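**Q** Next comes the structure file target.txt, holding compact mmCIF, C-alpha atoms and all ligand atoms.
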# COMPACT_ATOMS: atom_id res chain seq x y z
CA MET A 283 -23.44 2.94 -4.96
CA THR A 284 -19.71 2.84 -5.10
CA GLY A 285 -17.80 0.29 -7.10
CA VAL A 286 -14.22 -0.61 -6.31
CA THR A 287 -11.99 -1.45 -9.20
CA ASP A 288 -8.28 -1.83 -9.51
CA THR A 289 -5.92 0.82 -10.79
CA PRO A 290 -3.09 -0.05 -13.17
CA THR A 291 -0.60 0.13 -10.31
CA GLY A 292 -2.24 -2.68 -8.38
CA ARG A 293 -2.70 -6.36 -9.21
CA GLY A 294 -5.46 -8.81 -8.82
CA ALA A 295 -7.32 -7.61 -5.80
CA ALA A 296 -10.10 -5.72 -7.50
CA ALA A 297 -13.50 -6.50 -6.20
CA SER A 298 -16.25 -6.32 -8.76
CA SER A 299 -18.39 -3.20 -8.98
CA PRO A 300 -22.01 -3.77 -8.19
CA SER A 301 -24.15 -2.65 -11.11
CA ALA A 302 -25.42 0.92 -11.21
CA GLY A 303 -28.82 1.36 -9.64
CA ALA A 304 -28.37 -1.25 -6.91
CA ALA A 305 -28.41 -0.40 -3.20
CA PRO A 306 -25.50 1.76 -1.96
CA THR A 307 -22.34 0.07 -0.79
CA ALA A 308 -22.97 0.01 2.93
CA GLY A 309 -20.11 -2.23 3.94
CA ALA A 310 -16.91 -3.89 2.84
CA ARG A 311 -15.01 -7.07 3.51
CA VAL A 312 -11.22 -6.81 3.39
CA ARG A 313 -8.40 -9.33 3.45
CA VAL A 314 -4.96 -7.85 4.08
CA PRO A 315 -1.57 -9.58 4.24
CA ALA A 316 1.13 -9.53 6.89
CA THR A 317 4.32 -7.89 5.67
CA SER A 318 8.01 -8.05 6.43
CA ALA A 319 9.87 -4.76 6.02
CA ASN A 320 13.55 -3.94 5.45
CA LEU A 321 14.66 -7.50 4.47
CA GLY A 322 18.14 -6.58 5.76
CA PRO A 323 19.62 -3.59 3.91
CA GLY A 324 16.37 -2.06 2.57
CA PHE A 325 15.59 -0.07 5.71
CA ASP A 326 12.29 1.85 5.40
CA ALA A 327 12.12 0.94 1.70
CA PHE A 328 11.77 -2.80 1.04
CA GLY A 329 8.66 -4.81 1.86
CA LEU A 330 7.52 -8.37 1.21
CA ALA A 331 3.86 -9.39 1.43
CA LEU A 332 3.27 -12.71 3.16
CA GLY A 333 0.48 -15.25 2.75
CA TYR A 334 -0.84 -14.72 6.26
CA TYR A 335 -3.93 -12.55 6.63
CA ASP A 336 -6.09 -10.36 8.82
CA GLU A 337 -9.72 -9.94 7.81
CA VAL A 338 -11.92 -6.96 8.49
CA GLU A 339 -15.62 -6.50 7.83
CA VAL A 340 -17.11 -3.02 8.02
CA ALA A 341 -20.81 -2.15 8.07
CA LEU A 342 -22.16 1.38 8.01
CA ARG A 343 -24.68 2.51 10.57
CA ARG A 344 -26.28 5.85 11.36
CA ASP A 345 -24.04 6.69 14.32
CA GLY A 346 -21.77 5.29 17.02
CA VAL A 347 -18.98 2.75 16.78
CA SER A 348 -18.71 -0.91 17.64
CA VAL A 349 -15.62 -3.12 17.29
CA ARG A 350 -15.72 -6.91 17.57
CA VAL A 351 -12.38 -8.67 17.57
CA GLU A 352 -11.51 -12.32 17.08
CA GLY A 353 -7.94 -13.21 17.98
CA ALA A 354 -5.60 -13.21 20.92
CA GLU A 355 -4.52 -9.56 20.75
CA GLN A 356 -6.10 -6.80 22.83
CA VAL A 357 -7.02 -3.72 20.82
CA ALA A 358 -8.92 -0.51 21.44
CA THR A 359 -12.65 -0.89 20.75
CA GLY A 360 -13.72 2.74 20.31
CA GLU A 361 -12.88 5.67 18.05
CA ASP A 362 -9.18 5.18 18.94
CA ASN A 363 -9.10 1.73 17.27
CA LEU A 364 -6.54 1.81 14.45
CA VAL A 365 -8.93 0.40 11.83
CA ILE A 366 -11.62 2.95 12.75
CA ARG A 367 -9.08 5.81 12.75
CA SER A 368 -7.86 4.74 9.31
CA ILE A 369 -11.41 4.56 7.90
CA ARG A 370 -12.18 8.02 9.26
CA ALA A 371 -8.92 9.55 7.97
CA THR A 372 -9.62 8.13 4.51
CA LEU A 373 -13.24 9.32 4.42
CA ASP A 374 -11.99 12.82 5.35
CA GLU A 375 -9.36 12.62 2.60
CA LEU A 376 -12.03 11.57 0.07
CA GLY A 377 -14.40 14.30 1.24
CA ARG A 378 -17.10 11.82 2.28
CA PRO A 379 -19.34 12.25 5.33
CA GLN A 380 -18.56 10.33 8.52
CA PRO A 381 -21.10 7.62 9.39
CA GLY A 382 -21.41 5.29 12.36
CA LEU A 383 -19.31 2.14 11.95
CA ALA A 384 -19.60 -1.49 13.01
CA VAL A 385 -16.30 -3.33 12.54
CA ARG A 386 -15.52 -7.01 12.94
CA CYS A 387 -11.81 -7.96 12.88
CA VAL A 388 -10.27 -11.38 12.58
CA ASN A 389 -6.75 -10.63 13.79
CA ARG A 390 -4.25 -13.34 12.94
CA VAL A 391 -1.09 -11.28 12.38
CA PRO A 392 0.56 -11.08 15.82
CA HIS A 393 1.08 -7.58 17.18
CA GLY A 394 4.42 -5.98 17.94
CA ARG A 395 6.44 -8.78 16.32
CA GLY A 396 7.70 -7.08 13.15
CA LEU A 397 5.10 -8.59 10.80
CA GLY A 398 3.32 -5.36 9.97
CA SER A 399 0.18 -5.75 12.10
CA SER A 400 -0.27 -1.99 12.36
CA ALA A 401 0.18 -1.60 8.59
CA ALA A 402 -2.39 -4.38 8.04
CA ALA A 403 -4.92 -2.61 10.29
CA ILE A 404 -4.30 0.71 8.55
CA VAL A 405 -4.47 -0.65 5.00
CA ALA A 406 -7.62 -2.60 5.87
CA GLY A 407 -9.27 0.60 7.12
CA VAL A 408 -8.09 2.69 4.17
CA ALA A 409 -9.18 0.09 1.59
CA ALA A 410 -12.55 -0.44 3.26
CA ALA A 411 -13.23 3.31 3.39
CA TRP A 412 -12.59 3.61 -0.35
CA ALA A 413 -15.45 1.19 -0.97
CA LEU A 414 -18.01 2.87 1.28
CA ASP A 415 -20.57 5.24 -0.21
CA THR A 416 -21.30 7.00 3.04
CA ALA A 417 -23.17 9.90 1.38
CA ALA A 418 -25.72 7.60 -0.23
CA PHE A 419 -26.04 5.57 2.94
CA LEU A 420 -26.61 8.58 5.16
CA ALA A 421 -29.09 10.05 2.69
CA GLY A 422 -30.84 6.68 2.67
CA THR A 423 -31.05 6.69 -1.12
CA ASP A 424 -30.36 4.23 -3.91
CA ARG A 425 -28.41 6.92 -5.73
CA PRO A 426 -26.66 5.28 -8.68
CA VAL A 427 -22.99 6.12 -9.21
CA PRO A 428 -21.38 5.31 -12.57
CA ARG A 429 -19.37 2.11 -12.56
CA GLY A 430 -15.79 2.77 -11.47
CA ALA A 431 -16.58 6.22 -10.07
CA ALA A 432 -14.60 5.41 -6.95
CA ALA A 433 -11.95 3.10 -8.37
CA PHE A 434 -9.63 1.96 -5.63
CA ASP A 435 -6.58 4.11 -6.22
CA ARG A 436 -3.77 2.19 -4.54
CA ALA A 437 -1.24 4.95 -5.18
CA ALA A 438 -3.46 7.45 -3.35
CA ALA A 439 -4.15 4.87 -0.65
CA LEU A 440 -0.38 4.56 -0.16
CA ARG A 441 -0.23 8.27 0.67
CA VAL A 442 -3.08 8.08 3.19
CA ALA A 443 -1.77 4.88 4.82
CA THR A 444 1.82 6.12 5.04
CA ALA A 445 0.70 9.33 6.73
CA ILE A 446 -0.89 7.21 9.46
CA GLU A 447 1.89 4.57 9.76
CA GLY A 448 4.82 6.99 9.51
CA HIS A 449 6.93 4.83 7.15
CA PRO A 450 5.88 3.46 3.74
CA ASP A 451 7.53 0.02 3.51
CA ASN A 452 4.94 -2.21 5.21
CA VAL A 453 1.88 -0.39 3.87
CA ALA A 454 3.26 -0.51 0.30
CA ALA A 455 3.67 -4.30 0.44
CA ALA A 456 0.24 -4.72 2.10
CA LEU A 457 -1.38 -2.63 -0.66
CA PHE A 458 0.39 -4.04 -3.71
CA GLY A 459 1.55 -7.53 -2.67
CA GLY A 460 4.80 -9.11 -3.83
CA PHE A 461 8.12 -7.33 -3.28
CA THR A 462 7.88 -3.54 -3.03
CA VAL A 463 10.40 -0.73 -2.92
CA ALA A 464 9.00 2.46 -1.42
CA TRP A 465 10.44 5.95 -1.47
CA ALA A 466 9.23 9.52 -1.12
CA ASP A 467 9.56 12.55 -3.35
CA THR A 468 8.11 16.00 -2.91
CA ASP A 469 4.63 14.66 -3.81
CA GLY A 470 4.81 12.06 -1.06
CA PRO A 471 5.40 8.30 -0.90
CA LEU A 472 5.60 6.14 -4.01
CA ALA A 473 6.20 2.43 -4.50
CA TYR A 474 7.51 0.10 -7.18
CA ARG A 475 6.07 -3.40 -7.12
CA ALA A 476 8.09 -6.32 -8.44
CA GLU A 477 7.38 -10.04 -8.72
CA PRO A 478 9.56 -12.09 -6.37
CA VAL A 479 11.23 -15.21 -7.81
CA ALA A 480 8.83 -18.14 -8.02
CA ASP A 481 10.78 -20.37 -5.63
CA LEU A 482 10.99 -17.86 -2.75
CA ARG A 483 9.79 -19.61 0.44
CA PRO A 484 9.70 -17.21 3.41
CA VAL A 485 9.78 -18.78 6.85
CA ALA A 486 8.86 -16.59 9.84
CA PHE A 487 10.16 -17.43 13.31
CA VAL A 488 7.86 -15.62 15.74
CA PRO A 489 8.77 -15.30 19.43
CA SER A 490 6.27 -14.53 22.16
CA ALA A 491 8.10 -11.34 23.19
CA ARG A 492 7.05 -8.07 21.57
CA THR A 493 8.92 -5.07 20.24
CA SER A 494 7.20 -1.73 19.79
CA THR A 495 8.25 -0.35 16.41
CA ALA A 496 8.35 3.19 17.79
CA HIS A 497 10.60 2.08 20.65
CA SER A 498 12.85 0.06 18.38
CA ARG A 499 13.29 3.02 16.00
CA GLY A 500 14.55 4.98 18.98
CA ARG A 501 17.63 2.70 19.10
CA LEU A 502 18.81 3.89 15.67
CA PRO A 503 21.54 6.52 15.43
CA GLU A 504 20.89 9.83 13.71
CA HIS A 505 24.00 9.44 11.53
CA VAL A 506 25.86 6.46 10.06
CA ALA A 507 29.39 6.29 8.70
CA HIS A 508 29.70 6.83 4.94
CA ALA A 509 31.35 3.41 4.55
CA ASN A 510 28.37 1.71 6.21
CA ALA A 511 25.89 3.63 4.05
CA ALA A 512 27.84 2.61 0.93
CA PHE A 513 27.95 -1.01 2.11
CA SER A 514 24.18 -1.09 2.60
CA ALA A 515 23.41 0.69 -0.69
CA GLY A 516 25.35 -1.98 -2.58
CA ARG A 517 23.69 -4.83 -0.71
CA ALA A 518 20.21 -3.32 -1.22
CA GLY A 519 20.76 -3.09 -4.98
CA LEU A 520 21.96 -6.68 -5.03
CA LEU A 521 18.97 -7.82 -2.97
CA ALA A 522 16.45 -6.26 -5.35
CA LEU A 523 18.09 -8.22 -8.18
CA ALA A 524 18.47 -11.47 -6.23
CA LEU A 525 14.82 -11.39 -5.13
CA THR A 526 13.37 -10.72 -8.54
CA GLN A 527 15.73 -11.97 -11.24
CA GLY A 528 17.62 -14.80 -9.66
CA ASP A 529 16.03 -17.70 -11.48
CA ALA A 530 15.84 -16.23 -14.98
CA PRO A 531 18.97 -16.64 -17.13
CA PRO A 532 19.91 -13.49 -19.04
CA PRO A 533 18.95 -13.57 -22.74
CA ALA A 534 21.52 -15.17 -25.01
CA PRO A 535 23.06 -13.21 -27.88
CA ALA A 536 21.54 -14.23 -31.24
CA GLY A 537 22.83 -17.59 -32.43
CA LEU A 538 24.61 -18.47 -29.20
CA ALA A 539 23.57 -20.73 -26.35
CA GLY A 540 22.61 -18.78 -23.24
CA PRO A 541 24.48 -19.08 -19.98
CA PRO A 542 23.29 -21.95 -17.78
CA ARG A 543 20.47 -21.23 -15.36
CA ALA A 544 22.03 -20.14 -12.07
CA ASP A 545 21.84 -23.10 -9.70
CA ALA A 546 19.92 -22.80 -6.44
CA ALA A 547 23.04 -23.01 -4.28
CA ALA A 548 24.69 -20.10 -6.10
CA ARG A 549 21.52 -18.03 -5.84
CA ALA A 550 21.22 -18.81 -2.13
CA ARG A 551 24.83 -17.62 -1.59
CA LEU A 552 23.98 -14.42 -3.46
CA LEU A 553 20.92 -13.89 -1.26
CA LEU A 554 23.06 -14.45 1.84
CA ALA A 555 25.43 -11.65 0.80
CA ALA A 556 22.56 -9.45 -0.38
CA THR A 557 20.80 -9.50 3.02
CA GLU A 558 23.78 -8.12 4.95
CA ASP A 559 22.95 -4.80 6.54
CA ARG A 560 24.71 -2.08 8.50
CA LEU A 561 21.86 0.42 8.82
CA HIS A 562 19.50 -0.98 11.43
CA GLN A 563 20.14 -4.55 12.58
CA PRO A 564 23.45 -3.84 14.36
CA TYR A 565 21.60 -1.36 16.60
CA ARG A 566 18.52 -3.50 17.21
CA LEU A 567 19.89 -7.02 17.61
CA PRO A 568 21.55 -6.44 21.02
CA ALA A 569 18.05 -5.82 22.44
CA VAL A 570 16.75 -9.16 21.06
CA PRO A 571 19.59 -11.66 21.72
CA GLU A 572 17.48 -14.79 21.00
CA SER A 573 16.57 -13.38 17.57
CA ALA A 574 20.20 -12.42 16.94
CA ALA A 575 21.38 -15.93 17.83
CA LEU A 576 18.73 -17.52 15.59
CA ILE A 577 19.71 -15.28 12.65
CA GLY A 578 23.31 -16.44 13.23
CA ARG A 579 22.32 -20.14 13.22
CA LEU A 580 20.22 -19.79 10.07
CA ARG A 581 22.92 -17.87 8.23
CA ASP A 582 25.53 -20.43 9.33
CA ALA A 583 23.26 -23.03 7.69
CA GLY A 584 23.38 -20.98 4.45
CA VAL A 585 19.88 -19.49 4.79
CA ALA A 586 19.47 -15.73 4.27
CA ALA A 587 17.86 -14.64 7.56
CA VAL A 588 17.10 -11.13 8.77
CA LEU A 589 15.21 -9.29 11.47
CA SER A 590 11.65 -8.89 10.17
CA GLY A 591 10.77 -5.19 10.30
CA SER A 592 11.77 -3.88 13.70
CA GLY A 593 11.72 -7.43 15.10
CA PRO A 594 11.78 -9.55 17.13
CA THR A 595 10.50 -11.99 14.45
CA VAL A 596 13.22 -13.51 12.28
CA LEU A 597 12.48 -13.93 8.57
CA ALA A 598 14.30 -16.58 6.55
CA LEU A 599 14.29 -16.06 2.78
CA ALA A 600 14.67 -19.67 1.65
CA LEU A 601 14.89 -20.62 -2.02
CA GLY A 602 12.98 -23.78 -2.87
CA GLY A 603 11.39 -26.44 -0.71
CA GLU A 604 14.67 -28.08 0.23
CA GLN A 605 16.15 -24.91 1.71
CA ALA A 606 12.83 -24.06 3.41
CA ALA A 607 12.90 -27.49 5.06
CA ALA A 608 16.50 -26.86 6.14
CA ALA A 609 15.45 -23.52 7.66
CA VAL A 610 12.54 -25.15 9.53
CA GLY A 611 15.01 -27.74 10.86
CA VAL A 612 17.28 -25.13 12.48
CA ALA A 613 16.89 -25.11 16.28
CA ALA A 614 14.57 -22.25 17.24
CA PRO A 615 13.53 -22.76 20.87
CA GLY A 616 10.88 -20.28 21.95
CA PHE A 617 9.89 -19.37 18.38
CA ALA A 618 6.74 -20.42 16.52
CA VAL A 619 7.88 -21.50 13.05
CA LEU A 620 5.64 -20.43 10.14
CA PRO A 621 6.53 -21.54 6.60
CA LEU A 622 4.63 -19.06 4.44
CA ALA A 623 3.82 -18.30 0.83
CA VAL A 624 4.52 -14.93 -0.76
CA ASP A 625 1.30 -12.92 -1.12
CA ARG A 626 1.20 -11.66 -4.71
CA ASP A 627 -2.11 -9.76 -4.68
CA GLY A 628 -2.00 -7.26 -1.83
CA VAL A 629 -5.14 -6.12 -0.07
CA ARG A 630 -8.44 -7.47 -1.44
CA VAL A 631 -11.70 -5.58 -1.03
CA THR A 632 -15.24 -6.82 -1.58
CA PRO A 633 -17.96 -4.15 -1.39
CA LEU A 634 -21.12 -5.26 0.43
CA VAL A 635 -24.56 -3.87 -0.26
CA SER A 636 -27.09 -3.69 2.54
N1 LIG B 1 -5.91 -5.19 13.87
C1 LIG B 1 -5.61 -4.17 14.68
N2 LIG B 1 -6.57 -3.43 15.23
C2 LIG B 1 -6.27 -2.40 16.02
N3 LIG B 1 -5.00 -2.04 16.36
C3 LIG B 1 -4.01 -2.74 15.84
C4 LIG B 1 -4.25 -3.83 14.98
N4 LIG B 1 -3.06 -4.33 14.61
C5 LIG B 1 -2.13 -3.60 15.22
N5 LIG B 1 -2.67 -2.64 15.96
C6 LIG B 1 -1.96 -1.65 16.78
O1 LIG B 1 -0.60 -1.62 16.35
C7 LIG B 1 0.29 -2.01 17.42
C8 LIG B 1 1.45 -2.80 16.89
O2 LIG B 1 2.16 -1.98 15.97
P1 LIG B 1 3.74 -2.01 15.87
O3 LIG B 1 4.35 -1.67 17.19
O4 LIG B 1 4.09 -1.13 14.72
O5 LIG B 1 4.09 -3.52 15.57
P2 LIG B 1 3.91 -4.40 14.26
O6 LIG B 1 3.27 -3.53 13.22
O7 LIG B 1 5.29 -4.82 13.93
O8 LIG B 1 3.05 -5.56 14.67
C9 LIG B 1 -0.60 -2.81 18.35
O9 LIG B 1 -0.11 -2.81 19.67
C10 LIG B 1 -1.95 -2.10 18.22
O10 LIG B 1 -1.94 -0.92 19.02
N1 LIG B 2 11.13 0.17 8.45
C1 LIG B 2 10.41 0.01 9.69
C2 LIG B 2 9.59 -1.26 9.60
C3 LIG B 2 8.82 -1.58 10.85
O1 LIG B 2 8.06 -2.76 10.64
P1 LIG B 2 7.21 -3.41 11.81
O2 LIG B 2 6.54 -4.60 11.18
O3 LIG B 2 8.16 -3.78 12.89
O4 LIG B 2 6.21 -2.37 12.25
C4 LIG B 2 11.43 -0.11 10.82
O5 LIG B 2 12.39 -0.83 10.63
O6 LIG B 2 11.25 0.57 11.84
What is this structure when it is put down as structure tokens?
Ligand SMILES: Nc1ncnc2c1ncn2[C@@H]1O[C@H](COP(=O)(O)OP(=O)(O)O)[C@@H](O)[C@H]1O
Ligand SMILES: N[C@@H](CCOP(=O)(O)O)C(=O)O
**A**
Amino acid sequence: MTGVTDTPTGRGAAASSPSAGAAPTAGARVRVPATSANLGPGFDAFGLALGYYDEVEVALRRDGVSVRVEGAEQVATGEDNLVIRSIRATLDELGRPQPGLAVRCVNRVPHGRGLGSSAAAIVAGVAAAWALDTAAFLAGTDRPVPRGAAAFDRAAALRVATAIEGHPDNVAAALFGGFTVAWADTDGPLAYRAEPVADLRPVAFVPSARTSTAHSRGRLPEHVAHANAAFSAGRAGLLALALTQGDAPPPAPAGLAGPPRADAAARARLLLAATEDRLHQPYRLPAVPESAALIGRLRDAGVAAVLSGSGPTVLALALGGEQAAAAVGVAAPGFAVLPLAVDRDGVRVTPLVS
């Protein structure tokens, strides 16, 4: 039996460990959030988890593979399915034997729109695999494993998921929830998770057209001018502050009154400046003119709007209900408008015993 617990780097999502001596974990149920990467200047680094979810249920079987999908999107149904591939890659990484797999997916996150559907599929597979005691299942035993023996290590999961996805920003946000900054050192990808301001109200504007992330990355130049890199570095630093510290006044010196709480309008102006970018959007927006025009209309209305991931979805980062309503009121013909919550938990896993 394998229990899944949380590691100190993750929040909330821990599923409870079944007690030692029970039947082996022969399945897992996973809920994984959509994510918006980049957020303007944070190319390949920033991610925001959104309250919009795919669900995956995995059951072990002796051999073979079956994939049942609910949702509008067409996906592979054999060993080449992204969820299956991610489960298998993770089991290999963990040194566990490969079983047969029956997978049921409820796919809500639209594909190829810049809302991290591939990251959601990958993180769902990686998280599910962590929970599965394939050795006990294949041996057909009730072998007890000490509680927490296979604690869900989100930092390790980030490494496995990034290797499959190719960039860490979406998978980091899907794993940890909230606002994440991802980077890589010689040991591989790492992420810092921060709590976004309480009044952040993302609104996604989703068109019916698709963009392949791989294709869209091909539009980016190999080199950028130093001035543009410096511009984006400054904006990215500002954005990390504006997204996480905007509504908390700095502490007052002893005996003095603190500065007044920054008003929403001032914070919204800061967010508008902080979401300017010269690293990826200038190269991508010409290919998605409707998204470019919508970003322009939202920004003209004072709402910080950016291309979500590689697009073509537009993400508005509204502050408070009033600005979210203003964003929803901006003309967006051809776009489905989704006011969303921020997901603060990241992927959630529930082990299932047979
Ligand atoms: N739930 C899923 N199951 C299987 N494959 C998926 C799933 N979600 C996404 N994919 C694969 O990922 C592709 C979309 O990935 P990508 O081009 O990176 O766009 P995005 O991640 O922005 O939606 C889909 O066309 C499909 O091949
Ligand atoms: N940093 C990546 C993010 C891609 O996100 P997706 O949701 O479009 O897959 C990029 O900008 O290419």
**Q** Just want the residues within 7 Å of ligand LIG 1 (chain B), written as a ChimeraX atom specification, counting only C-alpha atoms and all ligand atoms.
**A** /A:357-358,363-365,387,389,392-403,493-496,591-592
**Q** Check the smallest atom-to-atom distance from each of A:Ala308, A:Val391, A:Ala354, A:Arg441 to Ala421 (chain A) using only C-alpha atoms, then report the winner.
**A** A:Ala308
**Q** Extending 4 Å beyond the listed atoms of ligand LIG 2 (chain B) on each side, what axis-aligned box results? I want centre and edge lengths in Å to one decimal, as JSON.
**A**
{"center_x": 9.3, "center_y": -2.0, "center_z": 10.7, "size_x": 14.2, "size_y": 13.2, "size_z": 12.4}
**Q** Tell me which of A:Gly353, A:Gly377, A:Pro594, A:Pro450 sits closest to Ala417 (chain A), counting all atoms listed in the file.
**A** A:Gly377
**Q** Taking into account all atoms listed in the file, which residue in the set A:Phe419, A:Phe434, A:Phe458, A:Trp412 is nearest to Thr317 (chain A)?
**A**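 The answer is A:Phe458, which sits nearest to Thr317 (chain A).
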**Q** Counting only C-alpha atoms, what is within 7 Å of Ala473 (chain A), bar same-chain residues fewer than 6 positions away, as a ChimeraX atom specification?
**A** /A:454,462-465
**Q** Using all atoms listed in the file, which residue out of A:Thr595, A:Thr468, A:Ser348, A:Ser368 lies closest to ligand LIG 2 (chain B)?
**A** A:Thr595
**Q** In the coordinate frame of the file, compute which residues have an atom within 12 Å of (24.7, -21.8, 9.6) when using only C-alpha atoms, and state them as a list of chain:residue names.
**A**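 Result, sorted by chain then residue number: A:Arg551, A:Leu554, A:Ala575, A:Leu576, A:Ile577, A:Gly578, A:Arg579, A:Leu580, A:Arg581, A:Asp582, A:Ala583, A:Gly584, A:Val585, A:Ala586, A:Ala587, A:Ala608, A:Ala609, A:Gly611, A:Val612, A:Ala613.
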**Q** Using all atoms listed in the file, which of the listed residues (A:Leu332, A:Ala327, A:Leu634, A:Leu567) sits closest to ligand LIG 2 (chain B)?
**A** A:Ala327
**Q** What does the distance between CA of Val610 (chain A) and CA of Ala455 (chain A) come to in Å, to one decimal place?
**A** 24.4 Å
**Q** Would you mind reading off the distance between CA of Gly500 (chain A) and CA of Ala569 (chain A), one decimal, in Å?
**A** 11.9 Å
**Q** Which of these residues is nearest to Val570 (chain A), using all atoms listed in the file: A:Ala491, A:Ala598, A:Ile446, A:Val635?
**A** A:Ala491
**Q** Report the distance between CA of Ala443 (chain A) and CA of Ala310 (chain A) in Å, rounded to one decimal place.
**A**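 Computed distance, CA of Ala443 (chain A) to CA of Ala310 (chain A), equals 17.6 Å.
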**Q** Just want the 7 Å neighbourhood of Ala409 (chain A), counted on only C-alpha atoms, with same-chain residues fewer than 4 positions away dropped. Output as a list of chain:residue names.
**A**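 My list of contacting residues is A:Val405, A:Ala413, A:Val631.
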